[in-house]
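Listing of work.csv, CSV, C-alpha atoms
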chain,number,residue,atom,x,y,z
X,4,MET,CA,8.3,12.0,9.1
X,5,ILE,CA,8.8,8.3,9.6
X,6,GLY,CA,5.5,8.1,11.6
X,7,GLY,CA,3.8,10.0,8.8
X,8,ILE,CA,5.0,7.6,6.1
X,9,PHE,CA,3.6,4.6,7.9
X,10,ILE,CA,0.4,6.4,8.8
X,11,VAL,CA,-0.3,7.4,5.2
X,12,SER,CA,0.6,3.9,4.0
X,13,GLY,CA,-1.5,2.1,6.5
X,14,PHE,CA,-4.5,4.5,6.3
X,15,GLU,CA,-4.6,4.3,2.5
X,16,LYS,CA,-4.9,0.5,2.7
X,17,LEU,CA,-7.4,0.6,5.6
X,18,VAL,CA,-10.0,2.9,4.0
X,19,HIS,CA,-10.2,1.0,0.7
X,20,PRO,CA,-11.4,-2.6,0.3
X,21,TYR,CA,-8.8,-5.0,1.8
X,22,GLU,CA,-9.1,-7.1,-1.4
X,23,ASN,CA,-6.9,-4.6,-3.1
X,24,PHE,CA,-4.0,-5.1,-0.7
X,25,LEU,CA,-4.7,-8.8,-0.7
X,26,TYR,CA,-4.0,-8.7,-4.5
X,27,VAL,CA,-0.7,-6.9,-3.9
X,28,ILE,CA,0.4,-9.5,-1.4
X,29,GLN,CA,-0.6,-12.3,-3.7
X,30,SER,CA,1.5,-10.7,-6.5
X,31,TYR,CA,4.6,-11.1,-4.4
X,32,ASP,CA,3.9,-14.8,-4.2
X,33,VAL,CA,5.4,-15.4,-0.7
X,34,LEU,CA,2.7,-16.5,1.6
X,35,ASP,CA,0.2,-19.3,1.8
X,36,LYS,CA,-3.4,-18.4,0.8
X,37,ASN,CA,-4.8,-18.3,4.3
X,38,ILE,CA,-1.9,-16.3,5.6
X,39,ASP,CA,-2.3,-13.9,2.7
X,40,GLU,CA,-5.8,-13.0,3.9
X,41,LEU,CA,-4.8,-12.6,7.5
X,42,THR,CA,-1.8,-10.4,6.5
X,43,ALA,CA,-4.0,-8.3,4.3
X,44,ALA,CA,-6.5,-7.8,7.1
X,45,PHE,CA,-4.0,-7.0,9.9
X,46,PHE,CA,-0.8,-5.6,8.4
X,47,PRO,CA,-2.3,-2.2,7.6
X,48,TRP,CA,-3.5,-1.8,11.1
X,49,ILE,CA,-0.1,-2.5,12.5
X,50,GLU,CA,1.4,0.0,10.0
X,51,PHE,CA,-1.1,2.7,10.9
X,52,ILE,CA,-1.0,2.3,14.7
X,53,ALA,CA,2.7,1.9,14.9
X,54,GLY,CA,3.1,5.0,12.7
X,55,SER,CA,0.8,6.9,14.9
X,56,PHE,CA,2.7,6.0,18.0
X,57,VAL,CA,6.0,7.0,16.3
X,58,LEU,CA,4.4,10.3,15.3
X,59,PHE,CA,3.2,11.1,18.8
X,60,GLY,CA,6.4,9.8,20.3
X,61,LEU,CA,4.6,7.4,22.7
X,62,TRP,CA,6.1,4.1,23.5
X,63,LEU,CA,8.7,5.3,21.1
X,64,SER,CA,11.3,2.5,21.6
X,65,VAL,CA,8.6,-0.2,21.0
X,66,SER,CA,6.9,1.6,18.0
X,67,LEU,CA,10.3,2.3,16.3
X,68,ARG,CA,11.2,-1.3,16.6
X,69,VAL,CA,7.9,-2.3,15.1
X,70,VAL,CA,8.2,0.0,12.1
X,71,TRP,CA,11.8,-1.1,11.7
X,72,CYS,CA,10.7,-4.7,11.5
X,73,LEU,CA,7.9,-3.9,9.1
X,74,THR,CA,10.4,-2.1,6.8
X,75,VAL,CA,12.9,-5.0,7.0
X,76,ILE,CA,10.1,-7.5,6.1
X,77,PHE,CA,9.0,-5.4,3.2
X,78,LEU,CA,12.5,-5.1,1.9
X,79,ILE,CA,13.0,-8.9,2.0
X,80,VAL,CA,9.6,-9.4,0.2
X,81,VAL,CA,10.4,-6.9,-2.5
X,82,SER,CA,14.0,-8.1,-3.0
X,83,GLN,CA,12.8,-11.7,-3.5
X,84,ALA,CA,10.3,-10.5,-6.1
X,85,VAL,CA,13.1,-8.7,-8.0
X,86,PHE,CA,15.4,-11.8,-7.6
X,87,ARG,CA,12.6,-14.1,-8.9
X,88,ASN,CA,11.8,-11.6,-11.7
X,89,LEU,CA,8.1,-11.5,-10.8
X,90,PRO,CA,5.9,-9.3,-13.1
X,91,ILE,CA,5.4,-6.5,-10.5
X,92,HIS,CA,5.6,-2.9,-11.8
X,93,GLU,CA,5.1,-1.0,-8.7
X,94,CYS,CA,5.3,-1.8,-5.0
X,95,GLY,CA,1.6,-1.2,-4.0
X,96,CYS,CA,2.8,0.3,-0.7
X,97,PHE,CA,0.5,3.4,-0.9
X,98,GLY,CA,-2.4,1.9,-2.8
X,99,GLU,CA,-3.6,4.1,-5.6
X,100,LEU,CA,-2.3,7.3,-3.8
X,101,LEU,CA,1.3,6.9,-5.1
X,102,SER,CA,2.8,4.7,-7.7
X,103,ILE,CA,6.4,3.9,-6.8
X,104,PRO,CA,8.6,1.7,-9.0
X,105,ILE,CA,10.3,-1.3,-7.3
X,106,PRO,CA,13.9,0.0,-7.6
X,107,VAL,CA,13.0,3.3,-6.1
X,108,ILE,CA,11.2,1.6,-3.2
X,109,LEU,CA,14.2,-0.6,-2.5
X,110,ILE,CA,16.5,2.4,-2.2
X,111,PHE,CA,13.9,4.3,-0.1
X,112,ASP,CA,13.3,1.4,2.3
X,113,SER,CA,17.0,0.8,2.7
X,114,SER,CA,17.5,4.4,3.6
X,115,LEU,CA,14.6,4.2,6.1
X,116,ILE,CA,16.2,1.2,7.8
X,117,VAL,CA,19.5,3.1,8.2
X,118,ILE,CA,17.7,6.2,9.6
X,119,MET,CA,15.6,4.1,12.0
X,120,THR,CA,18.6,2.2,13.2
X,121,LEU,CA,20.3,5.5,14.0
X,122,LEU,CA,17.2,6.8,15.7
X,123,ARG,CA,16.9,3.7,17.9
X,124,ARG,CA,20.5,4.3,19.0
X,125,MET,CA,19.9,7.9,19.7
X,126,ILE,CA,16.5,7.3,21.4
X,127,GLU,CA,17.0,9.9,24.1
X,128,CYS,CA,17.5,12.6,21.5
X,129,THR,CA,14.4,11.5,19.5
X,130,ARG,CA,12.3,11.7,22.7
X,131,PHE,CA,12.8,15.5,23.1
X,132,PHE,CA,9.4,16.5,21.6
X,133,SER,CA,7.7,13.2,22.4
X,134,LEU,CA,4.8,12.3,24.7
X,135,ASP,CA,7.2,9.8,26.3
X,136,ARG,CA,9.2,12.7,27.7
X,137,TYR,CA,6.0,14.4,28.8
X,138,PHE,CA,5.1,11.4,30.8
X,139,GLN,CA,8.6,10.7,32.1
X,140,LYS,CA,8.8,11.0,35.9
J,8,MET,CA,13.2,22.9,52.8
J,9,GLY,CA,12.5,20.4,50.0
J,10,HIS,CA,13.1,21.2,46.4
J,11,LYS,CA,9.9,22.0,44.5
J,12,ASP,CA,9.3,20.0,41.3
J,13,LYS,CA,8.6,22.7,38.7
J,14,ARG,CA,7.2,20.3,36.0
J,15,PRO,CA,3.4,20.2,36.1
J,16,SER,CA,1.9,16.7,36.5
J,17,PRO,CA,0.4,15.3,33.3
J,18,LYS,CA,-3.4,15.7,33.2
J,19,ILE,CA,-3.8,12.2,31.8
J,20,THR,CA,-1.8,9.0,32.4
J,21,LYS,CA,0.4,7.3,29.8
J,22,LEU,CA,-2.1,4.5,29.6
J,23,GLN,CA,-5.0,6.9,29.0
J,24,ALA,CA,-3.0,8.6,26.2
J,25,THR,CA,-2.3,5.2,24.6
J,26,ILE,CA,-6.0,4.3,24.7
J,27,LEU,CA,-6.8,7.8,23.3
J,28,ILE,CA,-4.4,7.4,20.4
J,29,LEU,CA,-5.7,3.9,19.6
J,30,ALA,CA,-9.3,5.2,19.7
J,31,LEU,CA,-8.3,8.0,17.4
J,32,CYS,CA,-6.7,5.6,14.9
J,33,VAL,CA,-9.7,3.2,14.9
J,34,GLY,CA,-12.2,6.0,14.8
J,35,SER,CA,-10.6,7.9,11.9
J,36,VAL,CA,-10.4,4.7,9.8
J,37,TYR,CA,-14.1,3.8,10.4
J,38,ALA,CA,-15.3,7.4,9.9
J,39,THR,CA,-13.4,7.6,6.6
J,40,ARG,CA,-14.7,4.2,5.4
J,41,LEU,CA,-18.3,5.3,6.2
J,42,ALA,CA,-17.8,8.6,4.3
J,43,LEU,CA,-16.4,6.8,1.3
J,44,LYS,CA,-19.2,4.2,1.4
J,45,LYS,CA,-21.8,7.0,1.2
J,46,MET,CA,-20.1,8.4,-2.0
J,47,ARG,CA,-19.9,5.0,-3.7
J,48,VAL,CA,-22.1,3.9,-6.6
J,49,ASP,CA,-24.1,0.7,-6.2
J,50,ALA,CA,-22.4,-1.9,-8.4
J,51,GLY,CA,-25.7,-3.0,-9.9
J,52,VAL,CA,-26.8,0.5,-11.1
J,53,VAL,CA,-24.1,1.3,-13.7
J,54,ALA,CA,-24.7,0.5,-17.4
J,55,SER,CA,-22.6,-2.4,-18.9
J,56,ARG,CA,-21.8,-4.9,-21.6
J,57,THR,CA,-23.5,-8.1,-20.8
J,58,LYS,CA,-23.6,-11.8,-21.7
J,59,GLY,CA,-25.2,-14.9,-20.3
J,60,ASN,CA,-28.4,-15.6,-18.4
J,61,PRO,CA,-29.8,-12.4,-16.7
J,62,LYS,CA,-31.5,-14.7,-14.1
J,63,ALA,CA,-28.4,-16.7,-13.4
J,64,ARG,CA,-27.5,-17.3,-9.7
J,65,ILE,CA,-23.9,-16.2,-10.3
J,66,LYS,CA,-23.6,-12.6,-11.5
J,67,ILE,CA,-20.1,-11.3,-12.4
J,68,THR,CA,-19.2,-7.7,-13.0
J,69,GLU,CA,-15.7,-7.6,-14.5
J,70,TYR,CA,-13.5,-4.4,-14.5
J,71,LEU,CA,-10.6,-4.8,-16.8
J,72,ASP,CA,-7.7,-3.1,-18.5
J,73,PHE,CA,-7.2,-4.7,-21.9
J,74,GLN,CA,-3.4,-4.4,-21.6
J,75,CYS,CA,-3.3,-6.2,-18.3
J,76,PRO,CA,-2.1,-9.8,-18.7
J,77,ALA,CA,-4.0,-11.1,-15.7
J,78,CYS,CA,-7.2,-9.5,-17.1
J,79,ALA,CA,-6.7,-11.4,-20.4
J,80,LYS,CA,-6.4,-14.7,-18.4
J,81,GLY,CA,-9.4,-13.9,-16.3
J,82,ALA,CA,-11.6,-12.8,-19.3
J,83,LEU,CA,-10.7,-15.9,-21.3
J,84,LEU,CA,-11.4,-18.1,-18.2
J,85,ILE,CA,-14.8,-16.5,-17.8
J,86,ARG,CA,-15.5,-17.0,-21.5
J,87,ASP,CA,-14.8,-20.8,-21.1
J,88,ALA,CA,-17.0,-20.9,-18.0
J,89,LEU,CA,-19.8,-19.2,-19.9
J,90,HIS,CA,-19.5,-21.8,-22.6
J,91,LYS,CA,-19.6,-24.6,-20.1
J,92,TYR,CA,-22.3,-23.2,-17.8
J,93,PRO,CA,-24.4,-20.8,-19.9
J,94,SER,CA,-27.4,-20.8,-17.6
J,95,GLU,CA,-25.4,-20.4,-14.4
J,96,LEU,CA,-23.5,-17.2,-15.2
J,97,TYR,CA,-24.3,-13.6,-16.1
J,98,LEU,CA,-21.4,-11.4,-17.0
J,99,GLU,CA,-21.1,-7.6,-17.3
J,100,VAL,CA,-17.9,-6.0,-18.5
J,101,LYS,CA,-16.7,-2.5,-17.5
J,102,TYR,CA,-13.6,-0.6,-18.5
J,103,PHE,CA,-10.9,0.2,-16.1
J,104,PRO,CA,-7.8,1.2,-18.1
J,105,ILE,CA,-4.7,2.1,-16.1
J,106,ALA,CA,-3.0,4.4,-18.6
J,107,SER,CA,-0.2,5.3,-16.2
J,108,ILE,CA,1.4,1.8,-16.5
J,109,HIS,CA,-0.2,0.6,-19.8
J,110,GLU,CA,0.6,3.0,-22.6
J,111,ASN,CA,-1.7,1.4,-25.3
J,112,THR,CA,-4.6,0.6,-23.1
J,113,MET,CA,-6.7,3.7,-23.8
J,114,GLN,CA,-6.4,3.2,-27.5
J,115,ALA,CA,-7.3,-0.5,-27.2
J,116,THR,CA,-10.3,0.3,-25.1
J,117,SER,CA,-11.5,2.9,-27.6
J,118,TYR,CA,-11.5,0.2,-30.3
J,119,VAL,CA,-13.4,-2.1,-28.1
J,120,GLU,CA,-16.0,0.6,-27.3
J,121,CYS,CA,-16.4,1.4,-31.0
J,122,ALA,CA,-16.8,-2.3,-31.8
J,123,ALA,CA,-19.5,-2.4,-29.1
J,124,ARG,CA,-21.3,0.4,-30.9
J,125,GLN,CA,-21.4,-1.9,-33.9
J,126,ASN,CA,-22.7,-4.7,-31.7
J,127,LYS,CA,-19.5,-6.6,-32.0
J,128,PHE,CA,-18.1,-6.1,-28.5
J,129,TRP,CA,-17.6,-9.8,-27.8
J,130,ASP,CA,-16.3,-10.5,-31.3
J,131,TYR,CA,-13.7,-7.8,-30.8
J,132,GLN,CA,-12.7,-8.3,-27.2
J,133,TYR,CA,-11.6,-11.9,-27.3
J,134,PRO,CA,-9.2,-11.6,-30.3
J,135,LEU,CA,-7.9,-8.4,-28.8
J,136,LEU,CA,-7.1,-10.2,-25.5
J,137,GLU,CA,-5.7,-13.3,-27.3
J,138,ARG,CA,-3.3,-11.0,-29.3
J,139,GLN,CA,-2.4,-8.9,-26.3
J,140,LYS,CA,1.3,-9.8,-26.3
J,141,ASP,CA,1.5,-8.6,-29.9
J,142,TRP,CA,0.1,-5.1,-29.3
J,143,ALA,CA,1.0,-4.4,-25.7
J,144,LYS,CA,4.5,-3.2,-26.4
J,145,ALA,CA,4.1,-2.2,-30.0
J,146,LEU,CA,5.0,1.4,-30.9
J,147,LYS,CA,2.1,1.6,-33.3
J,148,PRO,CA,-0.5,-0.9,-32.1
J,149,LYS,CA,-3.1,0.8,-34.3
J,150,PHE,CA,-2.3,-1.6,-37.2
J,151,ILE,CA,-3.1,-4.6,-35.0
J,152,PHE,CA,-6.3,-3.0,-33.8
J,153,GLN,CA,-7.4,-2.3,-37.3
J,154,ASP,CA,-6.4,-5.8,-38.4
J,155,ILE,CA,-8.6,-7.3,-35.7
J,156,ALA,CA,-11.4,-4.9,-36.7
J,157,ARG,CA,-11.2,-6.1,-40.3
J,158,GLN,CA,-11.1,-9.8,-39.2
J,159,VAL,CA,-14.3,-9.4,-37.1
J,160,GLY,CA,-16.1,-7.5,-39.9
J,161,LEU,CA,-16.4,-4.0,-38.5
J,162,ASP,CA,-17.5,-1.2,-40.8
J,163,MET,CA,-14.2,0.6,-41.1
J,164,PRO,CA,-15.4,4.1,-42.1
J,165,ARG,CA,-17.9,4.0,-39.2
J,166,LEU,CA,-15.1,2.8,-36.9
J,167,ASP,CA,-12.9,5.8,-37.9
J,168,VAL,CA,-15.7,8.2,-37.1
J,169,CYS,CA,-16.3,6.6,-33.8
J,170,LEU,CA,-12.6,6.7,-32.8
J,171,ALA,CA,-12.6,10.4,-33.4
J,172,ASP,CA,-15.7,10.9,-31.2
J,173,GLU,CA,-14.8,12.5,-27.8
J,174,ASN,CA,-17.8,10.7,-26.3
J,175,VAL,CA,-16.0,7.4,-26.6
J,176,THR,CA,-13.2,8.6,-24.2
J,177,ALA,CA,-15.9,10.1,-21.9
J,178,ALA,CA,-17.7,6.7,-21.8
J,179,ILE,CA,-14.5,4.9,-20.9
J,180,ASN,CA,-13.6,7.4,-18.2
J,181,ARG,CA,-17.1,7.1,-16.8
J,182,ASP,CA,-16.7,3.4,-16.3
J,183,ARG,CA,-13.3,4.0,-14.7
J,184,ALA,CA,-14.7,6.7,-12.4
J,185,ASP,CA,-17.5,4.3,-11.3
J,186,GLY,CA,-14.9,1.6,-10.6
J,187,LYS,CA,-12.9,4.1,-8.5
J,188,SER,CA,-15.9,5.0,-6.5
J,189,LEU,CA,-16.4,1.3,-5.7
J,190,GLY,CA,-12.8,1.2,-4.3
J,191,ILE,CA,-11.2,-0.5,-7.3
J,192,GLU,CA,-7.4,0.2,-7.5
J,193,SER,CA,-6.1,-2.6,-9.7
J,194,THR,CA,-7.2,-4.9,-12.4
J,195,PRO,CA,-8.7,-7.4,-12.9
J,196,THR,CA,-11.4,-6.7,-10.3
J,197,TYR,CA,-14.6,-8.7,-10.2
J,198,PHE,CA,-17.8,-8.5,-8.3
J,199,LEU,CA,-19.3,-11.9,-7.8
J,200,ASN,CA,-22.9,-11.5,-6.6
J,201,GLY,CA,-21.7,-8.2,-5.1
J,202,LYS,CA,-18.6,-9.6,-3.5
J,203,MET,CA,-15.4,-7.9,-4.5
J,204,VAL,CA,-12.7,-10.2,-5.9
J,205,VAL,CA,-9.3,-8.9,-7.0
J,206,GLY,CA,-7.1,-11.0,-9.4
J,207,HIS,CA,-7.9,-13.9,-11.7
J,208,LYS,CA,-6.5,-16.5,-9.2
J,209,THR,CA,-8.9,-15.5,-6.5
J,210,LEU,CA,-11.7,-15.5,-9.2
J,211,ILE,CA,-10.8,-19.1,-10.0
J,212,ALA,CA,-11.0,-20.1,-6.3
J,213,GLU,CA,-14.4,-18.3,-5.9
J,214,LEU,CA,-15.9,-19.9,-9.1
J,215,GLU,CA,-14.7,-23.3,-8.1
J,216,LYS,CA,-16.8,-22.9,-4.9
J,217,MET,CA,-19.8,-21.7,-6.7
J,218,LEU,CA,-20.1,-23.7,-9.9
J,219,PRO,CA,-21.3,-27.3,-10.0
J,220,GLY,CA,-18.3,-29.7,-10.0
J,221,GLY,CA,-15.8,-26.9,-9.8
J,222,GLN,CA,-14.9,-24.4,-12.6
J,223,HIS,CA,-13.2,-27.0,-14.9

Reformat the file's structure so that it appears as C-alpha cells.
Amino acid sequence: MIGGIFIVSGFEKLVHPYENFLYVIQSYDVLDKNIDELTAAFFPWIEFIAGSFVLFGLWLSVSLRVVWCLTVIFLIVVSQAVFRNLPIHECGCFGELLSIPIPVILIFDSSLIVIMTLLRRMIECTRFFSLDRYFQK
Amino acid sequence: MGHKDKRPSPKITKLQATILILALCVGSVYATRLALKKMRVDAGVVASRTKGNPKARIKITEYLDFQCPACAKGALLIRDALHKYPSELYLEVKYFPIASIHENTMQATSYVECAARQNKFWDYQYPLLERQKDWAKALKPKFIFQDIARQVGLDMPRLDVCLADENVTAAINRDRADGKSLGIESTPTYFLNGKMVVGHKTLIAELEKMLPGGQH
C-alpha cells in the first residue's frame, strides 16, 4: 500500500510536464530558484523508484528508509506553509489526480510516518512476501 | 549424507532484478509520456482571444482562471508589458477555470466570454481582474459582474441572452479541455514561444530574459 502511494504520486508527476510540480514547489516558498528546478526534476523519480522497490519488497530496508525520509521532508515543508499561512489550498502531492486539503495531508503523512517506523522495526515480518526473501540465501 | 536444500535457486540474481525494476520504472514513464504527447493538441492550433503584434518575436498563450489571484497578477503584468512593448509581444488568452476550488470562476468566465461576443473582451477582463477580491468570495457575485458590464458599456439584454446560452459553457469547457490535453494542471500557465511556464513569478523571470532592458 505504501509502495503504491509513492508510485502513484511519483508517476503522476513524471508523466505530466515538470513545470506543474515546479509551480507546486515554488508555492511552498522554501527553496532557492535553482534548487527548485532540480527538485522538480528529480524528486518524482526518487518517489516513483523508491515506491516501486517498496512494492516489490526489494532492498526493502533501504527503500523504506528513503520513503520515510521523503514523508518527513514533505511533512516539514507542509507544516512550515501552514505556520507561515501561505495561500496554498491543496498539497499538490498527486497532481491533478487527487485534490487533498492541507490539514488532511498533514494527518495522512503523520500516520504514514508512524506506520513506516513500525514497519522498519518489524522488517523481518514485512519481508515475508518480498523479493528480498526470495533472494535470501 | 548431506542435507538437501529444498529451496530452488533464483533464476535471476538480485542485481538483475534491481536493474529490471529500474528499467520497468523508466520505461513505463517514457511510454506513458509518449502516449500522452500523441494525444495532445498543438498549442498553436486552438482558437483564442488575441492582442498585440501577430508577427511579434514573443508569443504568449495564457491559460487563466479569473478567480485565481496569481492569474490576476500575471494578466495585469502582461497588460503593462504590452503597453510598454507593443511590437514585441503577441498575447492569446484561453480559459482554464478550476471550479473545484473557485466557486465563482465559471460564472465570471461566462461573463467574460459574453463580453468577448460583444467585442469587449479586453474592456471586461481587466476590470474583472482588478476587482477580483470583491467578487471572489461574494455569495452573489452576479451584481458585481453586471456592474462591470454596465461600466464597460455592454448591451445588457444581449448579455442576458448570451449568459443563458449553453454554447458559452461549451466554449469555456473546450478551452479547458485543450489546456488539459497540453498537460496544464494549475493556473496561471503560459506558453512563451511554445515553452510552458507555470506561475506569474516564472513568467516575470522569462520575460526579463526576453524583453529589451528587462520587463520593467

Which residues are close to segment 59-72 of chain J, i.e. within 6 Å by only C-alpha atoms, leaving aside same-chain residues fewer than 4 positions away? Reply as a list in words. Cys78, Pro93, Ser94, Glu95, Leu96, Tyr97, Leu98, Glu99, Val100, Lys101, Tyr102, Phe103, Pro104, Thr194, Pro195, Thr196, Tyr197, Phe198, Leu199 and Asn200 of chain J

Within 8 Å of chain X: each chain J residue with its shortest pair, only C-alpha atoms, as a Markdown table:
| residue | atom | partner | partner_atom | distance |
| --- | --- | --- | --- | --- |
| J:Pro17 | CA | X:Phe138 | CA | 6.6 |
| J:Thr20 | CA | X:Phe138 | CA | 7.5 |
| J:Lys21 | CA | X:Phe138 | CA | 6.3 |
| J:Thr25 | CA | X:Leu61 | CA | 7.5 |
| J:Ile28 | CA | X:Ser55 | CA | 7.6 |
| J:Leu29 | CA | X:Ile52 | CA | 7.0 |
| J:Cys32 | CA | X:Ile52 | CA | 6.6 |
| J:Val36 | CA | X:Val18 | CA | 6.1 |
| J:Tyr37 | CA | X:Val18 | CA | 7.7 |
| J:Thr39 | CA | X:Val18 | CA | 6.4 |
| J:Arg40 | CA | X:Val18 | CA | 5.1 |
| J:Leu43 | CA | X:Val18 | CA | 8.0 |
| J:Ile108 | CA | X:His92 | CA | 7.9 |
| J:Gly190 | CA | X:His19 | CA | 5.6 |
| J:Ile191 | CA | X:Asn23 | CA | 7.3 |
| J:Glu192 | CA | X:Glu99 | CA | 5.8 |
| J:Ser193 | CA | X:Asn23 | CA | 6.9 |
| J:Met203 | CA | X:Glu22 | CA | 7.1 |
| J:Val204 | CA | X:Glu22 | CA | 6.5 |
| J:Val205 | CA | X:Tyr26 | CA | 5.9 |
| J:Gly206 | CA | X:Tyr26 | CA | 6.2 |

Here is a test: counting only C-alpha atoms, which residue of J:Glu213, J:Asp182, J:Glu137, J:Asp172 is nearest to Arg56 of chain J?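 Among the listed residues, J:Asp182 lies closest to Arg56 of chain J.
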
So what do you get for atom CA of Met163 of chain J versus atom CA of Ala122 of chain J, distance-wise?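 Straight-line distance from atom CA of Met163 of chain J to atom CA of Ala122 of chain J works out to 10.1 Å.
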
What is the distance between atom CA of Ile8 of chain X and atom CA of Gly54 of chain X, in Å to one decimal?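 Rounded to one decimal, the two atoms are 7.3 Å apart.
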
Please determine, counting only C-alpha atoms, which residue among X:Val81, X:Val11, X:Val107, X:Ile76 has the shortest atom-to-atom distance to Pro47 of chain X.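 Nearest to Pro47 of chain X: X:Val11.
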
One decimal place gives the atom CA of Cys121 of chain J-atom CA of Leu170 of chain J separation as 6.8 Å

Residues within 8 Å of segment 110-121 of chain X, only C-alpha atoms, excluding chain neighbours under 4 positions, as a ChimeraX atom specification: /X:5,67,71,74-75,78,106,125

Export C-alpha atoms of the chosen residues as a tab-separated table (two decimals), in the coordinates of the input?
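result18.tsv written:
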chain	number	residue	atom	x	y	z
X	5	ILE	CA	8.80	8.30	9.60
X	67	LEU	CA	10.30	2.30	16.30
X	71	TRP	CA	11.80	-1.10	11.70
X	74	THR	CA	10.40	-2.10	6.80
X	75	VAL	CA	12.90	-5.00	7.00
X	78	LEU	CA	12.50	-5.10	1.90
X	106	PRO	CA	13.90	0.00	-7.60
X	125	MET	CA	19.90	7.90	19.70

If I wrap all listed atoms of segment 205-219 of chain J in a box with edges along x, y and z and add 6 Å on each side, what are its centre and edge lengths in Å to one decimal, as AutoDock Vina command-line options?
--center_x -13.9 --center_y -18.1 --center_z -8.3 --size_x 26.8 --size_y 30.4 --size_z 18.8

Could you list as a PyMOL selection string every residue that has an atom within 12 Å of (-14.8, -9.7, -31.6), using the file's coordinates and counting only C-alpha atoms? chain J and resi 118-123+125-138+152-161
